[in-house]
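Structure data follow from work.cif (mmCIF, C-alpha atoms and all ligand atoms):
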```
data_upload
loop_
_atom_site.label_atom_id
_atom_site.label_comp_id
_atom_site.auth_asym_id
_atom_site.auth_seq_id
_atom_site.Cartn_x
_atom_site.Cartn_y
_atom_site.Cartn_z
CA MET A 279 -16.36 6.99 -0.98
CA ASP A 280 -17.69 6.44 -4.48
CA THR A 281 -18.91 9.28 -6.68
CA GLN A 282 -17.84 7.82 -9.97
CA ARG A 283 -21.15 7.08 -11.66
CA PRO A 284 -22.25 9.68 -14.21
CA GLY A 285 -25.63 11.36 -13.96
CA CYS A 286 -28.68 10.28 -15.95
CA PRO A 287 -29.10 11.65 -18.58
CA ILE A 288 -25.33 11.95 -19.06
CA GLU A 289 -23.96 15.49 -19.12
CA TYR A 290 -20.58 16.10 -20.72
CA LEU A 291 -18.01 18.69 -19.72
CA ASN A 292 -15.38 17.58 -22.24
CA ILE A 293 -11.82 18.79 -21.84
CA GLN A 294 -10.46 20.75 -24.79
CA ILE A 295 -7.14 19.40 -26.09
CA LYS A 296 -4.72 22.12 -27.07
CA GLY A 297 -2.08 21.38 -29.71
CA SER A 298 -1.48 21.72 -33.40
CA ASN A 299 -3.50 18.84 -34.84
CA GLU A 300 -5.83 18.36 -31.96
CA GLU A 301 -7.54 21.73 -31.80
CA LYS A 302 -10.96 20.43 -32.63
CA ARG A 303 -10.70 17.39 -30.39
CA SER A 304 -11.61 17.02 -26.77
CA MET A 305 -11.18 14.42 -24.05
CA PRO A 306 -14.53 12.97 -22.95
CA PHE A 307 -15.59 13.84 -19.43
CA LYS A 308 -18.90 12.87 -17.84
CA ARG A 309 -20.27 15.00 -15.01
CA SER A 310 -20.99 13.23 -11.71
CA ARG A 311 -24.40 12.13 -10.47
CA TYR A 312 -26.01 14.66 -8.19
CA ASP A 313 -29.01 15.22 -5.96
CA LYS A 314 -31.74 16.48 -8.31
CA ARG A 315 -33.13 18.74 -5.59
CA THR A 316 -29.95 20.83 -5.74
CA GLY A 317 -28.20 22.96 -8.34
CA PHE A 318 -30.90 25.53 -9.08
CA SER A 319 -29.19 28.66 -7.77
CA PRO A 320 -25.98 29.88 -6.07
CA ASN A 321 -27.74 29.42 -2.73
CA ASN A 322 -28.50 25.82 -3.55
CA PRO A 323 -25.38 24.52 -5.32
CA ARG A 324 -25.30 21.11 -6.98
CA GLN A 325 -24.49 18.35 -4.50
CA GLN A 326 -22.83 15.25 -5.93
CA LEU A 327 -23.75 11.88 -4.44
CA ASN A 328 -21.41 9.65 -2.50
CA GLU A 329 -22.65 6.11 -3.17
CA ALA A 330 -20.49 4.48 -0.49
CA THR A 331 -20.30 5.29 3.21
CA PRO A 332 -17.84 7.96 4.34
CA PHE A 333 -16.63 5.84 7.28
CA ILE A 334 -13.63 3.54 7.56
CA ASP A 335 -16.03 0.65 7.94
CA GLY A 336 -14.66 -2.09 5.71
CA SER A 337 -17.22 -1.40 2.96
CA ALA A 338 -14.49 -2.04 0.36
CA ILE A 339 -14.15 -5.52 1.90
CA TYR A 340 -17.81 -6.40 2.55
CA GLY A 341 -19.66 -4.15 0.09
CA THR A 342 -21.81 -1.15 0.89
CA SER A 343 -25.10 -2.97 1.52
CA LYS A 344 -26.35 -6.07 3.32
CA THR A 345 -27.39 -7.62 0.02
CA TRP A 346 -23.87 -7.23 -1.38
CA THR A 347 -22.34 -8.67 1.82
CA ASP A 348 -24.70 -11.64 1.71
CA CYS A 349 -23.58 -12.39 -1.84
CA LEU A 350 -20.00 -12.75 -0.60
CA ARG A 351 -20.78 -15.06 2.32
CA GLU A 352 -20.55 -18.82 2.52
CA PHE A 353 -23.08 -18.93 5.41
CA LYS A 354 -20.97 -21.56 7.11
CA GLY A 355 -18.44 -21.00 9.89
CA GLY A 356 -18.71 -17.19 9.50
CA ARG A 357 -16.60 -17.36 6.34
CA LEU A 358 -16.56 -15.43 3.07
CA LYS A 359 -17.07 -17.84 0.20
CA ALA A 360 -13.85 -19.21 -1.28
CA ASP A 361 -13.18 -20.72 -4.73
CA ASN A 362 -11.97 -23.90 -3.05
CA PRO A 363 -12.81 -24.25 0.66
CA TYR A 364 -10.59 -27.34 0.98
CA LYS A 365 -7.43 -25.37 0.28
CA LYS A 366 -5.41 -23.68 3.02
CA ILE A 367 -6.71 -20.15 3.72
CA TYR A 368 -3.49 -18.61 2.42
CA GLU A 369 -4.05 -20.32 -0.93
CA GLN A 370 -7.72 -19.39 -1.33
CA PHE A 371 -9.27 -16.77 -3.59
CA PRO A 372 -12.83 -15.43 -3.44
CA THR A 373 -15.39 -17.41 -5.42
CA ASN A 374 -16.31 -16.37 -8.96
CA ASN A 375 -18.97 -13.75 -9.64
CA ASP A 376 -21.56 -16.26 -10.89
CA MET A 377 -24.43 -13.91 -9.93
CA ALA A 378 -23.07 -10.97 -11.97
CA LEU A 379 -22.56 -8.47 -9.16
CA PRO A 380 -22.25 -5.14 -11.01
CA PHE A 381 -18.52 -4.42 -10.75
CA VAL A 382 -17.01 -1.59 -12.73
CA ASN A 383 -15.85 -3.34 -15.88
CA TYR A 384 -14.06 -1.27 -18.55
CA PRO A 385 -12.71 -2.89 -21.73
CA THR A 386 -9.43 -4.69 -21.03
CA THR A 387 -6.29 -3.09 -22.38
CA LYS A 388 -4.89 -5.99 -24.33
CA LEU A 389 -7.96 -7.56 -25.92
CA HIS A 390 -9.64 -4.21 -26.68
CA MET A 391 -13.09 -5.54 -25.93
CA LEU A 392 -15.61 -5.76 -23.13
CA ARG A 393 -15.67 -9.07 -21.31
CA PRO A 394 -18.37 -10.44 -18.99
CA VAL A 395 -18.37 -9.30 -15.40
CA SER A 396 -18.79 -12.93 -14.32
CA ARG A 397 -15.09 -13.52 -14.96
CA TYR A 398 -14.29 -11.58 -11.79
CA PHE A 399 -14.14 -12.76 -8.17
CA LYS A 400 -16.84 -11.73 -5.73
CA ILE A 401 -15.36 -8.99 -3.56
CA GLY A 402 -16.71 -5.93 -1.73
CA ASN A 403 -15.05 -3.20 -3.79
CA ARG A 404 -17.02 -2.24 -6.91
CA GLN A 405 -13.87 -0.74 -8.47
CA GLY A 406 -11.62 -3.52 -7.17
CA PHE A 407 -10.52 -4.98 -10.52
CA GLU A 408 -8.98 -1.85 -11.92
CA ASN A 409 -5.42 -3.08 -11.38
CA PRO A 410 -3.84 -6.25 -9.92
CA PHE A 411 -2.27 -4.45 -6.96
CA LEU A 412 -5.58 -3.05 -5.77
CA LEU A 413 -7.12 -6.49 -6.21
CA ALA A 414 -4.27 -8.07 -4.21
CA ILE A 415 -5.32 -5.95 -1.22
CA SER A 416 -8.91 -7.23 -1.53
CA VAL A 417 -7.68 -10.83 -1.60
CA ILE A 418 -5.57 -10.25 1.52
CA TRP A 419 -8.56 -8.82 3.41
CA PHE A 420 -10.69 -11.76 2.22
CA ARG A 421 -8.16 -14.28 3.55
CA TRP A 422 -7.71 -12.31 6.77
CA HIS A 423 -11.47 -12.43 7.40
CA ASN A 424 -11.55 -16.19 6.89
CA TYR A 425 -8.51 -16.67 9.11
CA ILE A 426 -10.11 -14.70 11.93
CA ALA A 427 -13.44 -16.51 11.48
CA HIS A 428 -11.57 -19.81 11.66
CA ASN A 429 -9.90 -18.80 14.96
CA ILE A 430 -13.17 -17.55 16.45
CA SER A 431 -15.02 -20.74 15.51
CA HIS A 432 -12.34 -22.77 17.30
CA SER A 433 -12.46 -20.73 20.48
CA HIS A 434 -16.31 -20.58 20.42
CA PRO A 435 -17.56 -23.88 18.93
CA GLU A 436 -21.08 -23.13 20.23
CA TRP A 437 -21.45 -19.96 18.09
CA ASP A 438 -23.50 -20.11 14.87
CA ASP A 439 -22.43 -18.77 11.47
CA GLU A 440 -24.02 -15.33 11.93
CA LYS A 441 -22.36 -14.68 15.27
CA ILE A 442 -18.93 -15.77 14.04
CA PHE A 443 -19.28 -13.73 10.82
CA GLN A 444 -20.22 -10.51 12.63
CA ALA A 445 -17.48 -10.97 15.24
CA ALA A 446 -14.86 -11.59 12.54
CA ARG A 447 -16.13 -8.63 10.52
CA ARG A 448 -15.89 -6.32 13.54
CA LYS A 449 -12.29 -7.42 14.10
CA VAL A 450 -11.33 -6.99 10.45
CA ILE A 451 -12.81 -3.46 10.40
CA ALA A 452 -10.86 -2.66 13.58
CA TYR A 453 -7.67 -3.82 11.85
CA GLN A 454 -8.46 -1.61 8.87
CA GLN A 455 -9.07 1.41 11.12
CA LYS A 456 -5.88 0.74 13.05
CA ILE A 457 -3.78 0.46 9.89
CA THR A 458 -5.32 3.64 8.43
CA MET A 459 -5.18 5.87 11.49
CA TYR A 460 -2.13 4.60 13.34
CA ASP A 461 0.17 3.25 10.62
CA PHE A 462 -0.64 4.95 7.29
CA LEU A 463 -1.75 8.45 8.26
CA PRO A 464 1.06 9.38 10.69
CA ARG A 465 3.64 8.34 8.11
CA LEU A 466 1.86 10.19 5.34
CA LEU A 467 1.43 13.39 7.35
CA LYS A 468 4.76 12.97 9.11
CA ILE A 469 3.28 13.55 12.55
CA ASP A 470 4.52 12.08 15.80
CA GLU A 471 3.32 8.70 16.86
CA ASN A 472 1.39 10.02 19.85
CA LEU A 473 -1.21 11.29 17.37
CA ASN A 474 -2.03 14.28 19.53
CA THR A 475 -3.15 16.04 16.39
CA TYR A 476 -6.18 13.78 15.97
CA GLU A 477 -7.53 13.66 19.47
CA ILE A 478 -7.86 9.92 19.19
CA PRO A 479 -6.65 7.57 21.90
CA LYS A 480 -3.08 6.47 21.89
CA TYR A 481 -2.56 2.97 20.57
CA THR A 482 -0.04 0.90 22.45
CA ASN A 483 1.27 -2.53 21.87
CA GLU A 484 3.11 -2.99 25.12
CA GLY A 485 3.97 -6.43 26.37
CA GLY A 486 2.18 -7.94 23.39
CA SER A 487 -1.28 -6.81 24.49
CA ARG A 488 -2.93 -4.21 22.30
CA ASN A 489 -4.56 -1.46 24.21
CA VAL A 490 -6.70 1.48 23.11
CA SER A 491 -8.35 3.57 25.79
CA ILE A 492 -12.01 4.51 25.41
CA TYR A 493 -12.60 7.42 23.02
CA ASN A 494 -14.63 10.26 24.50
CA GLY A 495 -14.29 12.69 21.62
CA TYR A 496 -17.29 11.57 19.51
CA ARG A 497 -19.47 14.53 18.50
CA SER A 498 -22.86 13.77 17.04
CA ASP A 499 -23.19 17.35 15.73
CA ILE A 500 -20.37 16.98 13.22
CA ASN A 501 -21.42 15.97 9.71
CA PRO A 502 -19.24 12.95 8.83
CA ALA A 503 -19.90 13.18 5.07
CA ILE A 504 -16.98 13.44 2.68
CA ALA A 505 -16.19 17.08 1.83
CA GLN A 506 -16.07 18.04 -1.85
CA GLU A 507 -12.51 19.28 -1.38
CA PHE A 508 -11.48 15.89 0.01
CA GLN A 509 -13.21 13.91 -2.73
CA SER A 510 -12.18 16.00 -5.72
CA ALA A 511 -8.74 17.12 -4.64
CA ALA A 512 -7.12 16.21 -1.32
CA MET A 513 -7.51 12.43 -1.35
CA ARG A 514 -6.46 12.29 -4.99
CA PHE A 515 -2.94 13.12 -3.82
CA GLY A 516 -2.62 9.33 -4.22
CA HIS A 517 -2.49 9.74 -7.98
CA THR A 518 0.97 11.32 -7.68
CA ILE A 519 2.44 8.43 -5.65
CA VAL A 520 1.30 5.66 -8.00
CA PRO A 521 4.41 4.05 -9.56
CA PRO A 522 4.42 2.93 -13.23
CA GLY A 523 4.55 -0.73 -12.21
CA ILE A 524 5.58 -3.22 -9.58
CA TRP A 525 8.54 -5.61 -9.49
CA VAL A 526 7.71 -9.27 -9.00
CA ARG A 527 9.82 -11.38 -6.69
CA GLY A 528 10.09 -15.13 -6.26
CA PRO A 529 10.44 -16.81 -2.85
CA LYS A 530 13.55 -15.74 -0.98
CA ARG A 531 16.63 -17.74 -1.91
CA GLN A 532 19.67 -18.13 0.30
CA SER A 533 21.92 -16.39 -2.16
CA ASP A 534 19.76 -13.37 -3.11
CA CYS A 535 16.33 -11.71 -3.08
CA ASN A 536 15.15 -13.51 -6.22
CA TRP A 537 14.45 -10.55 -8.49
CA GLY A 538 14.82 -12.83 -11.53
CA PHE A 539 12.41 -13.48 -14.40
CA HIS A 540 9.12 -15.20 -13.54
CA ASN A 541 6.83 -17.23 -15.71
CA ILE A 542 3.34 -15.89 -16.08
CA SER A 543 0.49 -16.91 -18.30
CA LEU A 544 -1.85 -14.33 -19.69
CA HIS A 545 -4.60 -14.85 -22.26
CA ASP A 546 -3.41 -18.44 -22.73
CA ARG A 547 0.12 -17.37 -23.63
CA LYS A 548 3.24 -17.79 -21.53
CA TYR A 549 5.52 -14.86 -20.78
CA LYS A 550 8.60 -14.23 -18.68
CA THR A 551 8.63 -11.04 -16.69
CA ARG A 552 10.49 -9.16 -13.95
CA ALA A 553 7.85 -6.49 -13.37
CA ILE A 554 4.21 -5.72 -14.10
CA ARG A 555 3.52 -2.47 -15.91
CA LEU A 556 0.40 -0.70 -14.67
CA CYS A 557 -0.97 0.56 -18.00
CA ASN A 558 -0.97 -2.96 -19.49
CA GLN A 559 -3.06 -4.39 -16.70
CA TYR A 560 -6.14 -2.22 -16.30
CA TRP A 561 -9.22 -4.45 -15.83
CA ASN A 562 -7.10 -7.55 -16.48
CA SER A 563 -6.18 -7.93 -12.86
CA GLN A 564 -7.55 -11.31 -11.95
CA ASN A 565 -5.66 -13.39 -14.51
CA LYS A 566 -2.37 -11.96 -13.51
CA LEU A 567 -3.00 -12.23 -9.83
CA LYS A 568 -4.18 -15.81 -9.69
CA ASN A 569 -1.09 -17.03 -11.44
CA MET A 570 1.48 -15.25 -9.33
CA PHE A 571 -0.15 -13.89 -6.20
CA ASP A 572 2.77 -14.41 -3.81
CA SER A 573 5.29 -12.99 -6.26
CA VAL A 574 3.12 -9.89 -6.75
CA LEU A 575 2.76 -9.43 -2.99
CA ARG A 576 6.49 -9.77 -2.42
CA GLY A 577 7.02 -7.28 -5.24
CA MET A 578 4.51 -4.82 -3.76
CA ALA A 579 6.25 -5.00 -0.40
CA SER A 580 9.60 -4.34 -2.06
CA SER A 581 8.76 -1.64 -4.63
CA LEU A 582 8.88 2.05 -3.79
CA ALA A 583 5.97 4.42 -4.37
CA SER A 584 6.57 7.48 -6.52
CA MET A 585 7.20 10.76 -4.78
CA GLU A 586 4.27 12.78 -3.50
CA ASP A 587 4.62 15.85 -5.69
CA THR A 588 2.95 17.51 -8.68
CA ILE A 589 3.99 14.80 -11.14
CA MET A 590 1.95 11.78 -12.30
CA GLU A 591 3.34 8.76 -14.12
CA PRO A 592 2.49 8.41 -17.84
CA ASP A 593 0.41 5.33 -16.96
CA LEU A 594 -2.08 7.69 -15.36
CA ARG A 595 -1.43 10.82 -17.37
CA GLU A 596 -1.75 9.29 -20.82
CA PHE A 597 -3.12 5.77 -20.59
CA VAL A 598 -6.26 5.76 -18.43
CA TYR A 599 -7.56 3.17 -19.07
CA GLY A 600 -5.30 1.72 -21.69
CA PRO A 601 -5.64 2.10 -25.43
CA LEU A 602 -9.33 1.52 -25.94
CA GLU A 603 -11.00 4.40 -24.18
CA PHE A 604 -11.17 6.95 -27.00
CA SER A 605 -7.76 8.48 -27.50
CA ARG A 606 -6.87 7.45 -23.91
CA ARG A 607 -7.44 9.84 -21.07
CA ASP A 608 -5.28 11.96 -18.81
CA LEU A 609 -6.07 11.56 -15.11
CA ALA A 610 -4.41 14.86 -14.16
CA ALA A 611 -6.75 16.71 -16.53
CA ILE A 612 -9.72 14.67 -15.30
CA ASP A 613 -8.92 15.45 -11.65
CA ILE A 614 -8.78 19.18 -12.38
CA GLN A 615 -11.98 19.06 -14.41
CA ARG A 616 -13.70 17.03 -11.65
CA GLY A 617 -12.83 19.85 -9.25
CA ARG A 618 -14.64 22.25 -11.60
CA ASP A 619 -17.58 19.85 -12.01
CA HIS A 620 -17.96 19.69 -8.21
CA GLY A 621 -17.40 23.44 -7.74
CA VAL A 622 -14.20 23.22 -5.69
CA SER A 623 -12.61 26.57 -5.04
CA ASP A 624 -8.93 27.48 -5.52
CA TYR A 625 -6.30 26.22 -3.08
CA LEU A 626 -5.85 29.38 -1.04
CA THR A 627 -9.58 29.95 -0.58
CA VAL A 628 -10.04 26.37 0.58
CA ARG A 629 -7.21 26.68 3.09
CA LYS A 630 -8.61 29.92 4.36
CA THR A 631 -12.02 28.29 4.83
CA TYR A 632 -10.67 25.28 6.71
CA CYS A 633 -7.83 26.90 8.67
CA GLY A 634 -9.39 30.31 9.11
CA HIS A 635 -6.20 32.31 8.70
CA MET A 636 -4.56 31.35 5.51
CA ASP A 637 -1.68 33.27 4.12
CA THR A 638 -1.66 34.98 0.79
CA LEU A 639 0.30 33.78 -2.19
CA CYS A 640 3.13 36.14 -1.14
CA ASP A 641 3.41 34.40 2.25
CA TYR A 642 3.90 31.10 0.47
CA LYS A 643 6.61 32.60 -1.65
CA LEU A 644 8.32 33.99 1.46
CA LYS A 645 8.23 30.54 3.01
CA GLY A 646 9.82 29.19 -0.16
CA ASN A 647 7.09 26.65 -0.77
CA LYS A 648 7.54 26.37 -4.51
CA ASP A 649 5.27 23.39 -5.01
CA ILE A 650 2.23 25.08 -3.55
CA VAL A 651 2.85 28.21 -5.58
CA ARG A 652 3.04 26.09 -8.71
CA VAL A 653 -0.24 24.34 -7.99
CA HIS A 654 -1.91 27.68 -7.44
CA LEU A 655 -0.56 29.12 -10.66
CA ILE A 656 -1.67 26.14 -12.74
C1 LIG B 701 -3.45 2.55 -10.33
C2 LIG B 701 -3.75 3.56 -9.66
C3 LIG B 701 -4.94 4.45 -9.85
C4 LIG B 701 -5.73 4.67 -10.95
C5 LIG B 701 -5.60 4.04 -12.33
C6 LIG B 701 -6.74 5.62 -10.56
C7 LIG B 701 -7.73 6.09 -11.40
C8 LIG B 701 -8.75 6.88 -11.00
C9 LIG B 701 -9.82 7.34 -11.85
C10 LIG B 701 -9.94 7.05 -13.35
C11 LIG B 701 -10.67 8.05 -11.09
C12 LIG B 701 -11.95 8.74 -11.55
C13 LIG B 701 -11.63 10.16 -11.88
C14 LIG B 701 -12.84 11.00 -12.18
O1 LIG B 701 -13.57 10.65 -13.12
O2 LIG B 701 -13.06 12.00 -11.49
C15 LIG B 701 -10.16 8.06 -9.75
C16 LIG B 701 -10.77 8.66 -8.68
C17 LIG B 701 -10.21 8.75 -7.42
N1 LIG B 701 -8.98 8.29 -7.03
FE1 LIG B 701 -7.74 7.17 -8.13
N2 LIG B 701 -6.55 5.96 -9.25
C18 LIG B 701 -5.47 5.26 -8.77
C19 LIG B 701 -4.91 5.33 -7.51
C20 LIG B 701 -5.40 6.12 -6.48
C21 LIG B 701 -4.78 6.26 -5.19
C22 LIG B 701 -3.47 5.56 -4.76
C23 LIG B 701 -5.57 7.11 -4.47
C24 LIG B 701 -5.42 7.63 -3.06
C25 LIG B 701 -4.59 7.14 -2.16
C26 LIG B 701 -6.68 7.48 -5.30
C27 LIG B 701 -7.70 8.31 -4.92
C28 LIG B 701 -8.80 8.60 -5.71
C29 LIG B 701 -9.98 9.30 -5.22
C30 LIG B 701 -10.20 9.83 -3.80
C31 LIG B 701 -10.86 9.39 -6.29
C32 LIG B 701 -12.28 9.94 -6.26
C33 LIG B 701 -13.16 8.73 -5.95
C34 LIG B 701 -14.63 8.97 -5.96
O3 LIG B 701 -15.08 10.08 -5.74
O4 LIG B 701 -15.37 8.02 -6.18
N3 LIG B 701 -6.54 6.87 -6.52
N4 LIG B 701 -8.98 7.34 -9.73
#
```
Take the structure in the file and write it out as structure tokens.
Ligand code: HEM
Amino acid sequence: MDTQRPGCPIEYLNIQIKGSNEEKRSMPFKRSRYDKRTGFSPNNPRQQLNEATPFIDGSAIYGTSKTWTDCLREFKGGRLKADNPYKKIYEQFPTNNDMALPFVNYPTTKLHMLRPVSRYFKIGNRQGFENPFLLAISVIWFRWHNYIAHNISHSHPEWDDEKIFQAARRKVIAYQQKITMYDFLPRLLKIDENLNTYEIPKYTNEGGSRNVSIYNGYRSDINPAIAQEFQSAAMRFGHTIVPPGIWVRGPKRQSDCNWGFHNISLHDRKYKTRAIRLCNQYWNSQNKLKNMFDSVLRGMASSLASMEDTIMEPDLREFVYGPLEFSRRDLAAIDIQRGRDHGVSDYLTVRKTYCGHMDTLCDYKLKGNKDIVRVHLI
């Protein structure tokens, strides 16, 4: 999903800052774009626009339109275009954005100035350069596509570029769906691995052959669009699990896990570091990543996420995005205000609407669910 562009003309719903010296100041907040045919009366509430598809369809890997996808392609061997096609796939990065694809491009935190969007790679995710860890995921998907395309072109030498590309893309999207539905979601929701809750076919990996039975549960009468409650609240649970940074790790040594200092170069200067702090890296991602991709990946695989709770790290609460954007913004406040902008109701009403039978605040208290009570009271 992507609802992050402001409307035109821009409407502000700035957030008042309470506090002794700050009384007259407010945190800037732009209202979301919306369908201009809505928002005239309570019977026709404002409907914000999702500018990406609501499906798990790899649009963060390939872009949300054919034009965008074409800009990423090499048009040879079904591959996405790499910076250096003669390197091994596991050493490649996407090619540079020489055609100025319109990525989101805030001022970088350290230089305090806007820099050209052409300094970025060409990837599918418009927001993909926000931090190096998000960008690392895009690079992995890019390499995975090229690896699969390479395998397909070897097993089907008679296929042309288009056929290989589409076959590889279908496989990559299937991997993304599998990881989301069978690996990530059950662990997040702590449900059993049979996934009975979802009415989707069981995924087995028995005897090395992957096997998913045919899904008969598709219902064309269900609107697949992203719900406001999901966009403005539920899916933003992720903001509480973001850690303040990631450790970097060198290649494994016999004696230890190599958590030592690592050399990095940033803005033409050399540094030694053991970890990358999130708030220093916003919109600076590519530099950091190109110099130490494997160390960042090893670090990501070895660092813990923060707890899923009602607490956000200061990197998100006070420094979004770094020091340049006005007095810095607070993502917790923005999330709450976005809920108001999109007209999301309070927690208990939403639960009642979706589950049909939701308990009152007293029931929550009886069940001892302090967190939920706190959220409601805020
Ligand atoms: C470094 C980590 C992250 C940063 C800096 C960040 C920052 C932001 C910002 C600034 C927004 C726009 C807020 C607004 O104006 O309404 C946003 C939106 C959002 N974030 Fe995050 N976020 C991060 C991680 C995550 C994670 C881990 C998840 C979920 C797993 C997540 C889910 C969302 C969702 C669903 C939206 C709304 C997107 C849309 O409607 O286009 N974010 N985030």
#### Entry: All residues 10 Å or closer to Asp361 (chain A), all atoms listed in the file, same chain fewer than 4 positions away omitted, as a list of chain:residue names
A:Lys365, A:Glu369, A:Gln370, A:Phe371, A:Pro372, A:Thr373, A:Asn374, A:Phe399, A:Lys400
### Task
Residues within 7 Å of ligand LIG 701 (chain B), counting all atoms listed in the file: report them as an MDAnalysis selection string.
chainID A and resid 279:282 408:409 509:510 513:517 519:520 556 594 598 609 612:613 616
### Message
List the spatial neighbours of region 384-394 of chain A as a ChimeraX atom specification - criterion: any atom at most 12 Å away, all atoms listed in the file, same-chain residues fewer than 3 positions off excluded.
### Response
/A:374-381,397-399,405-409,544-545,555-565,597-604,606
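You will find CA of Asp593 (chain A) at 8.9 Å from CA of Asp608 (chain A).
Interatomic distance, CA of Ala611 (chain A) to CA of Gly317 (chain A): 23.8 Å.
Computed from the coordinates, the CA of Ala452 (chain A) to CA of Trp437 (chain A) distance equals 20.8 Å.
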Counting all atoms listed in the file, what is within 9 Å of Ala446 (chain A), bar same-chain residues fewer than 2 positions away, as a compact mmCIF listing (two decimals) with C-alpha atoms, in the frame of the given file?
```txt
# COMPACT_ATOMS: atom_id res chain seq x y z
CA GLY A 356 -18.71 -17.19 9.50
CA ARG A 357 -16.60 -17.36 6.34
CA HIS A 423 -11.47 -12.43 7.40
CA ASN A 424 -11.55 -16.19 6.89
CA TYR A 425 -8.51 -16.67 9.11
CA ILE A 426 -10.11 -14.70 11.93
CA ALA A 427 -13.44 -16.51 11.48
CA HIS A 428 -11.57 -19.81 11.66
CA ILE A 430 -13.17 -17.55 16.45
CA LYS A 441 -22.36 -14.68 15.27
CA ILE A 442 -18.93 -15.77 14.04
CA PHE A 443 -19.28 -13.73 10.82
CA GLN A 444 -20.22 -10.51 12.63
CA ARG A 448 -15.89 -6.32 13.54
CA LYS A 449 -12.29 -7.42 14.10
CA VAL A 450 -11.33 -6.99 10.45
CA ILE A 451 -12.81 -3.46 10.40
```
### Message
Neighbouring residues of Gln455 (chain A) were defined as those with any atom within 12 Å, considering all atoms listed in the file; residues of the same chain fewer than 3 positions away were excluded. Please report them as a list of chain:residue names.
### Response
A:Phe333, A:Ile334, A:Asp335, A:Gly336, A:Ser337, A:Arg448, A:Lys449, A:Val450, A:Ile451, A:Ala452, A:Thr458, A:Met459, A:Tyr460, A:Asp461, A:Phe462, A:Leu463, A:Ile478, A:Tyr481
Write to file, as a PDB file, keeping the file's coordinate frame, the residues of the selection just made, with C-alpha atoms.
```pdb
ATOM      1  CA  PHE A 333     -16.630   5.840   7.280  1.00  0.00           C
ATOM      2  CA  ILE A 334     -13.630   3.540   7.560  1.00  0.00           C
ATOM      3  CA  ASP A 335     -16.030   0.650   7.940  1.00  0.00           C
ATOM      4  CA  GLY A 336     -14.660  -2.090   5.710  1.00  0.00           C
ATOM      5  CA  SER A 337     -17.220  -1.400   2.960  1.00  0.00           C
ATOM      6  CA  ARG A 448     -15.890  -6.320  13.540  1.00  0.00           C
ATOM      7  CA  LYS A 449     -12.290  -7.420  14.100  1.00  0.00           C
ATOM      8  CA  VAL A 450     -11.330  -6.990  10.450  1.00  0.00           C
ATOM      9  CA  ILE A 451     -12.810  -3.460  10.400  1.00  0.00           C
ATOM     10  CA  ALA A 452     -10.860  -2.660  13.580  1.00  0.00           C
ATOM     11  CA  THR A 458      -5.320   3.640   8.430  1.00  0.00           C
ATOM     12  CA  MET A 459      -5.180   5.870  11.490  1.00  0.00           C
ATOM     13  CA  TYR A 460      -2.130   4.600  13.340  1.00  0.00           C
ATOM     14  CA  ASP A 461       0.170   3.250  10.620  1.00  0.00           C
ATOM     15  CA  PHE A 462      -0.640   4.950   7.290  1.00  0.00           C
ATOM     16  CA  LEU A 463      -1.750   8.450   8.260  1.00  0.00           C
ATOM     17  CA  ILE A 478      -7.860   9.920  19.190  1.00  0.00           C
ATOM     18  CA  TYR A 481      -2.560   2.970  20.570  1.00  0.00           C
TER      19      TYR A 481
END
```
### Message
Env of Arg618 (chain A): 12 Å cut, atoms = only C-alpha atoms, seq-sep filter 5 positions within chain, self excluded. Answer as number ranges by chain.
### Response
A: 291-293, 307, 309-310, 324, 506-507, 510-511, 611-613, 623-624
### Task
Considering only C-alpha atoms, state which residue in the set A:Phe353, A:Phe411, A:Phe420, A:Phe318 is at the smallest distance from Leu575 (chain A).
A:Phe411
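Distances from A:Phe508, A:Tyr340, A:Tyr453, A:Tyr290 to Val622 (chain A) were compared using only C-alpha atoms, and the smallest one belongs to A:Phe508.
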### Message
Tell me which residues come within 9 Å of (-17.6, 12.6, 6.2), as a VMD selection string, counting only C-alpha atoms in the file's coordinates.
### Response
chain A and resid 331 to 333 500 to 505
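Counting all atoms listed in the file and comparing A:Leu413, A:Arg527, A:Gly402, A:Asn383, the residue that lies closest to Thr345 (chain A) is A:Gly402.
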#### Entry: Nearest-residue call for Ser431 (chain A), choices A:Cys633, A:Ala512, A:Ala445, A:Ala610, using only C-alpha atoms
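Of A:Cys633, A:Ala512, A:Ala445, A:Ala610, the one nearest Ser431 (chain A), counting only C-alpha atoms, is A:Ala445.
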### Proximity to Trp422 (chain A) - best of A:Ser396, A:Gln326, A:Thr316, A:Gln454, only C-alpha atoms
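Smallest distance to Trp422 (chain A) is found for A:Gln454.
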Put the listed atoms of region 414-427 of chain A in a box along x, y and z with 4 Å added on every side and give me the centre and edge lengths in Å to one decimal, as lines of an AutoDock Vina configuration file.
```
center_x = -8.9
center_y = -11.3
center_z = 3.9
size_x = 17.2
size_y = 18.7
size_z = 24.1
```
